[in-house]
>>> print(open('final_33.txt').read())   # compact mmCIF, C-alpha atoms
# COMPACT_ATOMS: atom_id res chain seq x y z
CA MET A 487 -19.43 -38.79 31.18
CA SER A 488 -17.95 -41.85 32.91
CA TRP A 489 -15.76 -41.63 36.00
CA LEU A 490 -12.68 -42.71 34.00
CA SER A 491 -13.30 -40.10 31.27
CA TYR A 492 -13.79 -37.40 33.89
CA PHE A 493 -10.53 -38.39 35.59
CA LYS A 494 -8.60 -38.19 32.29
CA HIS A 495 -10.14 -34.80 31.53
CA PHE A 496 -9.20 -33.51 35.00
CA LEU A 497 -5.64 -34.86 34.66
CA SER A 498 -5.24 -33.23 31.26
CA ARG A 499 -6.34 -29.83 32.57
CA SER A 500 -4.07 -30.15 35.60
CA LEU A 501 -1.08 -30.96 33.40
CA PHE A 502 -1.91 -27.96 31.19
CA CYS A 503 -1.90 -25.60 34.20
CA LEU A 504 1.32 -27.14 35.54
CA ILE A 505 3.18 -26.57 32.27
CA LEU A 506 1.93 -22.99 32.10
CA ALA A 507 3.32 -22.39 35.59
CA MET A 508 6.70 -23.72 34.45
CA LEU A 509 7.01 -21.23 31.59
CA PRO A 510 9.69 -18.58 32.24
CA THR A 511 8.48 -15.01 32.62
CA THR A 512 11.64 -12.99 32.08
CA GLY A 513 11.15 -9.56 30.56
CA PHE A 514 14.23 -9.84 28.33
CA ALA A 515 12.89 -12.61 26.09
CA ASP A 516 10.17 -12.94 23.46
CA ARG A 517 7.40 -15.49 23.13
CA ILE A 518 7.68 -18.00 20.33
CA LYS A 519 4.31 -16.64 19.19
CA ASP A 520 6.06 -13.35 18.41
CA LEU A 521 9.12 -14.93 16.79
CA ALA A 522 7.61 -17.63 14.58
CA ALA A 523 4.47 -18.87 12.85
CA ILE A 524 3.21 -22.40 12.40
CA ALA A 525 3.77 -23.68 8.87
CA GLY A 526 0.55 -23.87 6.89
CA VAL A 527 -1.40 -21.65 9.29
CA ARG A 528 -1.86 -18.63 7.06
CA SER A 529 -4.49 -16.61 5.27
CA ASN A 530 -5.35 -16.93 1.56
CA GLN A 531 -6.12 -14.16 -0.93
CA LEU A 532 -9.43 -14.17 -2.79
CA VAL A 533 -10.44 -12.11 -5.81
CA GLY A 534 -13.54 -11.77 -7.94
CA TYR A 535 -15.09 -9.66 -10.69
CA GLY A 536 -18.46 -8.09 -9.97
CA LEU A 537 -21.00 -5.41 -10.77
CA VAL A 538 -22.11 -2.51 -8.57
CA VAL A 539 -25.55 -1.01 -9.23
CA GLY A 540 -27.63 1.76 -7.71
CA LEU A 541 -25.14 4.59 -8.23
CA SER A 542 -26.36 8.16 -8.63
CA GLY A 543 -25.05 8.89 -12.12
CA THR A 544 -21.42 8.25 -11.12
CA GLY A 545 -21.02 4.93 -12.94
CA ASP A 546 -19.03 3.77 -15.97
CA LYS A 547 -21.36 5.42 -18.54
CA SER A 548 -20.95 3.55 -21.84
CA LEU A 549 -17.98 1.36 -20.90
CA GLY A 550 -18.25 -1.84 -22.91
CA ILE A 551 -17.31 -4.27 -20.15
CA THR A 552 -19.92 -2.79 -17.83
CA LEU A 553 -22.68 -3.03 -20.44
CA GLN A 554 -21.72 -6.64 -21.20
CA SER A 555 -21.81 -7.46 -17.48
CA MET A 556 -25.28 -5.93 -17.18
CA GLN A 557 -26.48 -7.90 -20.22
CA SER A 558 -25.10 -11.13 -18.76
CA MET A 559 -26.73 -10.41 -15.39
CA VAL A 560 -30.25 -9.81 -16.72
CA SER A 561 -29.97 -12.81 -19.06
CA ARG A 562 -29.79 -15.07 -16.00
CA PHE A 563 -33.38 -14.10 -15.23
CA GLY A 564 -34.67 -15.02 -18.68
CA MET A 565 -34.58 -11.54 -20.24
CA VAL A 566 -33.02 -10.90 -23.64
CA THR A 567 -31.64 -7.45 -24.37
CA ASP A 568 -28.91 -5.78 -26.39
CA THR A 569 -26.15 -3.60 -24.95
CA SER A 570 -27.47 -0.67 -27.01
CA GLY A 571 -30.55 -0.64 -24.81
CA LEU A 572 -28.57 -0.43 -21.57
CA SER A 573 -26.95 2.49 -19.76
CA GLY A 574 -24.04 2.29 -17.38
CA ASP A 575 -24.65 5.65 -15.69
CA ASN A 576 -25.70 3.96 -12.47
CA SER A 577 -23.50 0.85 -12.70
CA ALA A 578 -19.79 0.11 -12.41
CA ALA A 579 -17.55 -2.87 -13.12
CA VAL A 580 -15.48 -3.65 -10.01
CA MET A 581 -12.87 -6.00 -8.64
CA VAL A 582 -13.65 -7.54 -5.26
CA THR A 583 -10.85 -8.70 -2.95
CA ALA A 584 -10.87 -10.41 0.44
CA GLU A 585 -8.59 -12.34 2.76
CA LEU A 586 -9.61 -15.81 3.94
CA PRO A 587 -8.04 -16.49 7.37
CA ALA A 588 -6.84 -19.93 8.33
CA PHE A 589 -9.43 -22.37 9.69
CA THR A 590 -12.37 -20.25 8.49
CA LYS A 591 -15.40 -22.52 8.16
CA PRO A 592 -18.28 -22.46 5.65
CA GLY A 593 -20.99 -20.11 6.84
CA GLN A 594 -18.62 -17.58 8.41
CA THR A 595 -18.39 -14.09 6.93
CA LEU A 596 -15.55 -11.96 5.57
CA ASP A 597 -15.07 -8.25 4.93
CA VAL A 598 -14.53 -7.43 1.26
CA THR A 599 -12.97 -4.48 -0.55
CA VAL A 600 -14.53 -3.23 -3.79
CA SER A 601 -12.50 -1.20 -6.34
CA THR A 602 -13.60 0.26 -9.67
CA LEU A 603 -12.23 -1.01 -12.97
CA GLY A 604 -13.48 1.71 -15.28
CA PRO A 605 -14.07 5.48 -15.21
CA ALA A 606 -16.71 5.43 -12.47
CA GLU A 607 -16.43 8.58 -10.34
CA SER A 608 -17.80 7.20 -7.09
CA LEU A 609 -19.22 4.02 -5.56
CA ARG A 610 -21.17 5.86 -2.86
CA GLY A 611 -24.66 4.45 -2.44
CA GLY A 612 -23.98 1.38 -4.59
CA THR A 613 -24.85 -2.26 -4.01
CA LEU A 614 -22.53 -5.10 -4.94
CA LEU A 615 -24.35 -7.91 -6.74
CA MET A 616 -23.57 -11.57 -6.07
CA THR A 617 -19.88 -12.08 -6.85
CA PRO A 618 -17.93 -15.38 -6.59
CA LEU A 619 -14.53 -14.96 -4.91
CA LEU A 620 -11.85 -17.27 -6.30
CA GLY A 621 -8.61 -18.56 -4.84
CA ALA A 622 -5.28 -19.08 -6.60
CA ASP A 623 -6.51 -22.52 -7.74
CA GLY A 624 -9.52 -21.00 -9.53
CA GLU A 625 -12.05 -22.52 -7.11
CA THR A 626 -14.83 -20.49 -5.47
CA TYR A 627 -14.30 -20.10 -1.72
CA ALA A 628 -16.78 -17.32 -0.90
CA ILE A 629 -19.72 -15.35 -2.33
CA ALA A 630 -19.87 -11.57 -1.83
CA GLN A 631 -22.90 -9.27 -1.95
CA GLY A 632 -24.20 -6.25 -0.06
CA ASN A 633 -24.36 -2.49 0.38
CA MET A 634 -21.05 -0.66 0.37
CA VAL A 635 -19.48 1.78 2.79
CA VAL A 636 -17.49 4.45 0.95
CA GLY A 637 -15.33 6.88 2.90
CA GLY A 638 -14.51 9.16 -0.05
CA LEU A 639 -16.52 11.97 -1.61
CA GLY A 640 -16.39 13.54 -5.07
CA VAL A 641 -18.34 16.52 -6.44
CA SER A 642 -18.10 18.45 -9.71
CA GLY A 643 -19.53 21.66 -11.20
CA ASP A 644 -20.89 22.56 -14.63
CA ASP A 645 -17.78 24.63 -15.34
CA GLY A 646 -15.56 21.55 -15.10
CA SER A 647 -14.30 22.17 -11.58
CA SER A 648 -14.27 19.21 -9.18
CA LEU A 649 -13.39 18.32 -5.62
CA THR A 650 -12.41 14.87 -4.37
CA VAL A 651 -12.03 13.90 -0.71
CA ASN A 652 -10.22 10.64 0.05
CA VAL A 653 -10.89 7.88 -2.53
CA PRO A 654 -14.56 7.51 -3.52
CA THR A 655 -13.76 4.77 -6.07
CA VAL A 656 -12.95 2.20 -3.35
CA GLY A 657 -15.46 0.87 -0.82
CA ARG A 658 -15.94 -1.96 1.65
CA VAL A 659 -18.77 -4.35 2.45
CA PRO A 660 -18.45 -5.33 6.12
CA GLN A 661 -19.15 -9.05 6.51
CA GLY A 662 -20.22 -8.98 2.90
CA ALA A 663 -18.87 -12.38 1.85
CA MET A 664 -20.12 -15.80 2.97
CA VAL A 665 -17.49 -18.56 3.07
CA GLU A 666 -18.52 -21.60 1.02
CA ARG A 667 -15.41 -23.78 1.27
CA MET A 668 -12.71 -24.43 3.85
CA VAL A 669 -9.02 -24.49 2.95
CA ALA A 670 -7.26 -27.64 4.11
CA SER A 671 -4.38 -26.99 6.53
CA PRO A 672 -1.36 -29.24 7.26
CA PHE A 673 -1.88 -28.35 10.94
CA MET A 674 -4.52 -31.09 11.15
CA THR A 675 -2.38 -33.82 9.59
CA GLY A 676 1.12 -35.17 9.95
CA ASP A 677 3.23 -36.14 12.93
CA TYR A 678 4.92 -32.77 13.45
CA LEU A 679 4.27 -29.04 13.80
CA VAL A 680 6.84 -26.84 12.08
CA PHE A 681 7.47 -23.36 13.45
CA ASN A 682 8.99 -20.94 10.91
CA LEU A 683 10.90 -17.96 12.28
CA HIS A 684 9.94 -14.55 10.94
CA ARG A 685 13.66 -13.78 10.62
CA GLY A 686 15.95 -16.70 9.94
CA ASP A 687 18.85 -17.13 12.35
CA PHE A 688 20.69 -20.33 13.32
CA SER A 689 21.27 -19.19 16.90
CA THR A 690 17.64 -18.24 17.44
CA ALA A 691 16.45 -21.55 15.94
CA ALA A 692 18.72 -23.45 18.32
CA ASN A 693 17.52 -21.37 21.28
CA VAL A 694 13.86 -22.03 20.41
CA ALA A 695 14.41 -25.80 20.19
CA GLU A 696 16.34 -25.79 23.47
CA ALA A 697 13.62 -23.83 25.28
CA ILE A 698 10.90 -26.22 24.06
CA ASN A 699 12.90 -29.31 25.02
CA LYS A 700 13.62 -27.89 28.46
CA ILE A 701 9.86 -27.90 29.19
CA PHE A 702 8.49 -30.82 27.16
CA GLY A 703 11.45 -33.20 27.21
CA ASN A 704 14.43 -34.06 25.05
CA ASP A 705 14.08 -34.45 21.28
CA VAL A 706 10.55 -32.99 21.21
CA ALA A 707 11.83 -30.05 19.16
CA VAL A 708 14.52 -30.28 16.48
CA PRO A 709 15.90 -27.29 14.54
CA LEU A 710 15.80 -28.08 10.82
CA ASP A 711 17.63 -25.01 9.53
CA ALA A 712 17.99 -21.29 10.24
CA SER A 713 14.24 -20.70 9.86
CA SER A 714 12.37 -23.85 10.93
CA ILE A 715 11.93 -25.88 14.13
CA ARG A 716 10.09 -29.21 14.02
CA VAL A 717 8.02 -30.19 17.07
CA ARG A 718 6.50 -33.63 17.65
CA ALA A 719 2.72 -33.37 17.79
CA PRO A 720 0.02 -35.73 19.09
CA GLY A 721 -2.47 -37.28 16.69
CA ASP A 722 -5.53 -36.06 18.60
CA LEU A 723 -6.55 -32.61 17.31
CA SER A 724 -7.57 -31.26 20.72
CA GLN A 725 -4.20 -32.23 22.19
CA ARG A 726 -2.46 -30.78 19.14
CA VAL A 727 -4.19 -27.43 19.74
CA SER A 728 -3.19 -27.51 23.43
CA LEU A 729 0.42 -28.26 22.49
CA ALA A 730 0.52 -25.41 19.97
CA SER A 731 -0.89 -22.95 22.52
CA LEU A 732 1.72 -24.02 25.11
CA VAL A 733 4.63 -23.84 22.68
CA GLU A 734 3.56 -20.37 21.53
CA GLU A 735 3.77 -19.11 25.13
CA VAL A 736 7.32 -20.40 25.68
CA VAL A 737 9.69 -17.44 26.01
CA VAL A 738 13.03 -17.47 24.23
CA GLU A 739 15.93 -15.09 24.25
CA PRO A 740 16.60 -14.43 20.56
CA SER A 741 20.17 -14.02 19.40
CA THR A 742 21.50 -10.56 18.74
CA PRO A 743 20.97 -9.45 15.13
CA PRO A 744 23.94 -9.18 12.75
CA ALA A 745 25.88 -5.95 12.60
CA GLN A 746 24.24 -3.82 9.94
CA VAL A 747 24.12 -0.22 8.83
CA ILE A 748 21.02 0.58 6.80
CA VAL A 749 20.89 3.78 4.75
CA ASN A 750 17.80 5.12 2.99
CA SER A 751 19.33 7.22 0.24
CA ARG A 752 15.99 8.88 -0.58
CA THR A 753 15.05 10.15 2.87
CA GLY A 754 18.48 10.37 4.48
CA THR A 755 17.45 7.96 7.26
CA ILE A 756 20.36 5.97 8.71
CA ILE A 757 20.01 3.05 11.13
CA ILE A 758 23.15 1.78 12.86
CA GLY A 759 22.81 -1.55 14.67
CA GLY A 760 24.02 -1.94 18.22
CA ASN A 761 26.63 -4.54 17.24
CA VAL A 762 28.44 -2.33 14.74
CA ARG A 763 32.16 -2.04 15.48
CA VAL A 764 34.93 -0.01 13.87
CA THR A 765 38.62 -0.93 13.82
CA PRO A 766 41.21 1.84 14.36
CA ALA A 767 40.71 4.54 11.74
CA ALA A 768 41.26 8.28 11.33
CA ILE A 769 38.70 10.25 9.34
CA THR A 770 38.82 13.74 7.88
CA HIS A 771 35.73 15.00 6.13
CA GLY A 772 35.34 18.48 4.72
CA SER A 773 33.45 20.25 1.94
CA LEU A 774 34.68 22.02 -1.16
CA THR A 775 32.56 24.88 -2.55
CA VAL A 776 33.06 26.42 -6.00
CA ARG A 777 31.12 29.60 -6.86
CA VAL A 778 31.01 31.13 -10.33
CA ARG A 779 29.56 34.64 -10.71
CA GLU A 780 28.83 36.20 -14.09
CA ASN A 781 28.93 40.04 -14.06
CA PRO A 782 27.65 41.56 -17.33
CA THR A 783 29.57 44.69 -18.49
CA LEU A 784 28.96 47.24 -21.24
CA ILE A 785 31.76 48.01 -23.74
CA ALA A 786 31.58 51.39 -25.51
CA GLN A 787 32.19 51.49 -29.26
CA ASN A 788 32.15 54.03 -32.11
CA LYS A 789 30.73 53.87 -35.60
CA THR A 790 32.93 55.22 -38.41
CA THR A 791 31.60 56.21 -41.86
CA THR A 792 33.58 57.42 -44.88
CA GLU A 793 32.18 59.63 -47.61
CA GLY A 794 34.88 60.38 -50.18
CA ALA A 795 37.69 62.09 -48.28
CA LYS A 796 35.46 62.77 -45.28
CA VAL A 797 35.62 60.43 -42.34
CA THR A 798 32.92 60.69 -39.66
CA THR A 799 33.02 59.02 -36.24
CA GLU A 800 29.98 58.86 -33.96
CA PRO A 801 29.01 56.83 -30.84
CA ALA A 802 27.34 53.45 -31.48
CA ALA A 803 25.29 51.12 -29.30
CA PRO A 804 27.55 49.52 -26.64
CA LEU A 805 28.34 45.83 -26.66
CA GLN A 806 27.49 43.60 -23.67
CA GLY A 807 30.39 41.56 -22.33
CA GLN A 808 30.78 38.98 -19.55
CA ASP A 809 33.12 39.21 -16.58
CA SER A 810 33.40 35.84 -14.81
CA ASP A 811 34.45 35.67 -11.16
CA ILE A 812 35.40 32.20 -9.89
CA GLU A 813 35.76 31.67 -6.14
CA VAL A 814 36.87 28.43 -4.48
CA SER A 815 36.44 27.85 -0.76
CA GLU A 816 36.99 24.75 1.32
CA ALA A 817 35.61 24.39 4.83
CA LYS A 818 37.98 23.33 7.54
CA ALA A 819 37.72 19.59 7.96
CA ARG A 820 37.69 18.10 11.42
CA ALA A 821 39.45 14.84 12.02
CA PHE A 822 38.44 12.20 14.53
CA VAL A 823 39.94 8.85 15.42
CA PHE A 824 38.13 5.58 16.16
CA ASP A 825 39.92 3.40 18.70
CA PRO A 826 39.84 -0.41 18.52
CA GLY A 827 36.41 -1.91 19.22
CA THR A 828 34.57 1.39 18.98
CA GLU A 829 30.85 0.91 19.64
CA LEU A 830 27.72 2.58 18.34
CA SER A 831 27.60 5.33 20.98
CA ASN A 832 31.17 6.40 20.18
CA ILE A 833 30.43 6.53 16.45
CA VAL A 834 27.35 8.68 16.97
CA ASP A 835 29.14 11.02 19.39
CA ALA A 836 32.08 11.50 17.04
CA ILE A 837 29.87 12.23 14.02
CA ASN A 838 27.65 14.61 15.99
CA ALA A 839 30.76 16.44 17.25
CA VAL A 840 31.80 17.40 13.72
CA GLY A 841 28.22 18.35 12.77
CA ALA A 842 27.99 15.93 9.86
CA ALA A 843 24.82 16.02 7.78
CA PRO A 844 23.11 12.77 6.71
CA SER A 845 24.79 12.93 3.30
CA ASP A 846 28.17 13.40 5.00
CA LEU A 847 27.47 10.45 7.28
CA VAL A 848 26.71 8.24 4.27
CA ALA A 849 30.01 9.22 2.67
CA ILE A 850 31.89 8.48 5.91
CA LEU A 851 30.25 5.05 6.31
CA GLU A 852 30.92 4.12 2.68
CA ALA A 853 34.58 5.10 3.05
CA LEU A 854 34.89 3.07 6.27
CA LYS A 855 33.34 0.04 4.56
CA VAL A 856 35.68 0.26 1.57
CA SER A 857 38.70 0.58 3.85
CA GLY A 858 37.63 -2.49 5.82
CA ALA A 859 37.38 -0.59 9.09
CA LEU A 860 33.59 -0.94 9.36
CA ARG A 861 32.73 -4.34 10.83
CA ALA A 862 29.15 -4.41 9.58
CA GLU A 863 27.08 -4.98 6.48
CA LEU A 864 26.26 -1.71 4.72
CA ILE A 865 22.78 -1.86 3.15
CA ILE A 866 21.55 0.93 0.85
CA ILE A 867 17.78 0.95 0.31
>>> encode(input="final_33.txt", output="structure tokens")
Amino acid sequence: MSWLSYFKHFLSRSLFCLILAMLPTTGFADRIKDLAAIAGVRSNQLVGYGLVVGLSGTGDKSLGITLQSMQSMVSRFGMVTDTSGLSGDNSAAVMVTAELPAFTKPGQTLDVTVSTLGPAESLRGGTLLMTPLLGADGETYAIAQGNMVVGGLGVSGDDGSSLTVNVPTVGRVPQGAMVERMVASPFMTGDYLVFNLHRGDFSTAANVAEAINKIFGNDVAVPLDASSIRVRAPGDLSQRVSLASLVEEVVVEPSTPPAQVIVNSRTGTIIIGGNVRVTPAAITHGSLTVRVRENPTLIAQNKTTTEGAKVTTEPAAPLQGQDSDIEVSEAKARAFVFDPGTELSNIVDAINAVGAAPSDLVAILEALKVSGALRAELIII
């Protein structure tokens, strides 16, 4: 390395350390790394169809697709056979899935998940044969093969009884796929890096751009919309990586989230945001209970017979009647008043004071929203 090259390398490292020292360290802000992701830097889903062999009688039996897969497999080695001469007791047709992280290079390995397609009872002890893993474009990006790890267990008796622990029809092959092709990323090309916020917000986007410009200079970062911030990037890849690492460590104070009340109608869970406000309102909430009791009663009756001039009366089987008792009761409703600008703590205290159940709280919030007193978005999930 020449003296001039060494000096440039030393200067670059010194500048890197100086910028790191300039980064704010307040505990009330978040790193850009936690708020946003670089556009194009993402993982890709892979999927493939394969065959698992070596099972202990827990395979697909006579499933047609499994027998055809076995026939196709052995034909690659110059053998000719018919599906009638094959048995799928120890084999299973499976789908193989994997996730290809960004910047993964050919020769690196991936973990794969193997799931049965047919009636196979368990994949324990099986071996996945060579399976191409395809991307959304139909191209092969990895090849999977290897012995599986199955966490489930299934046993059965001759009388038809069975016991299954966890899921024995799904297994994994750790580092079972070899990457054959790299996915091109826009990170390596172009004049800009675009950071996309995990949650779009105009104020947060403006704060992120301002924080970056405060350290790297004016007009380095430009907010494009509520979700994206464009940052000028150098053409040299090593400098581009250094810039991305520095920008990710910049801390930003995100804007406060919008006022929202989220209600899960299935579980009764209610989340009230800290910015929720209520205008002056008086609320009365009670419960009306109607009880209907049916009391069966017996009604005596006589049976009368006439023979000529002789009339005979004798007791007969009683009739069963119904005596309905309807009772209506209404619990005393407690009223409470929200003053102007009431905050979250006041809302919670008031509702707890009247002992409202989750269903009552939902009714109160819906009524406040309809009346216009609730200054928040009510979301029912």
>>> residues_around(input="final_33.txt", residues="Leu521 (chain A)", least_positions_apart="4", cutoff="9 Å", atoms="all atoms listed in the file", output="list in words")
Asp516, Arg517, Asn682, Leu683, His684, Arg685, Val738 and Pro740 of chain A
>>> atom_distance(input="final_33.txt", atom1="CA of Val848 (chain A)", atom2="CA of Thr742 (chain A)")
24.3 Å
>>> residues_around(input="final_33.txt", residues="region 562-569 of chain A", least_positions_apart="4", cutoff="12 Å", atoms="all atoms listed in the file", output="MDAnalysis selection string")
chainID A and resid 548:558 573:574
>>> closest_residue(input="final_33.txt", among="A:Val538, A:Ala692, A:Leu615, A:Ala767", to="Gly657 (chain A)", atoms="all atoms listed in the file")
A:Val538
>>> atom_distance(input="final_33.txt", atom1="CA of Asn633 (chain A)", atom2="CA of Ala588 (chain A)")
26.0 Å
>>> residues_around(input="final_33.txt", residues="Ala697 (chain A)", least_positions_apart="5", cutoff="12 Å", atoms="all atoms listed in the file", output="list in words")
Met508, Leu509, Pro510, Ala515, Asp516, Arg517, Ile518, Thr690, Ala691, Ala692, Phe702, Gly703, Asn704, Asp705, Val706, Ala707, Val708, Pro709, Ile715, Val717, Leu732, Val733, Glu734, Glu735, Val736, Val737, Val738, Glu739 and Pro740 of chain A
>>> atom_distance(input="final_33.txt", atom1="CA of Pro672 (chain A)", atom2="CA of Val533 (chain A)")
23.4 Å
>>> closest_residue(input="final_33.txt", among="A:Val669, A:Thr799, A:Gly545, A:Leu532", to="Arg610 (chain A)", atoms="all atoms listed in the file")
A:Gly545
>>> closest_residue(input="final_33.txt", among="A:Ser570, A:Thr595, A:Thr675, A:Ser741", to="Ile629 (chain A)", atoms="all atoms listed in the file")
A:Thr595
>>> residues_around(input="final_33.txt", residues="Ala719 (chain A)", least_positions_apart="5", cutoff="8 Å", atoms="only C-alpha atoms", output="number ranges by chain")
A: 677-679, 726, 729
>>> residues_near_point(input="final_33.txt", point="(-3.2, -27.2, 6.7)", cutoff="12 Å", atoms="all atoms listed in the file", output="NGL selection string")
:A and (524-530 or 587-590 or 668-676 or 678-680)
>>> closest_residue(input="final_33.txt", among="A:Val727, A:Ile866, A:Ile850, A:Ala712", to="Arg752 (chain A)", atoms="only C-alpha atoms")
A:Ile866
>>> closest_residue(input="final_33.txt", among="A:Gln531, A:Val656, A:Val762, A:Gly611", to="Gly624 (chain A)", atoms="only C-alpha atoms")
A:Gln531
>>> residues_around(input="final_33.txt", residues="Ile756 (chain A)", least_positions_apart="6", cutoff="10 Å", atoms="only C-alpha atoms", output="CSV table (one decimal) with C-alpha atoms, keeping the file's coordinate frame")
chain,number,residue,atom,x,y,z
A,747,VAL,CA,24.1,-0.2,8.8
A,748,ILE,CA,21.0,0.6,6.8
A,749,VAL,CA,20.9,3.8,4.8
A,750,ASN,CA,17.8,5.1,3.0
A,844,PRO,CA,23.1,12.8,6.7
A,845,SER,CA,24.8,12.9,3.3
A,847,LEU,CA,27.5,10.4,7.3
A,848,VAL,CA,26.7,8.2,4.3
A,865,ILE,CA,22.8,-1.9,3.2
A,866,ILE,CA,21.6,0.9,0.8
>>> closest_residue(input="final_33.txt", among="A:Gln594, A:Thr599, A:Ser713, A:Thr791", to="Tyr627 (chain A)", atoms="only C-alpha atoms")
A:Gln594
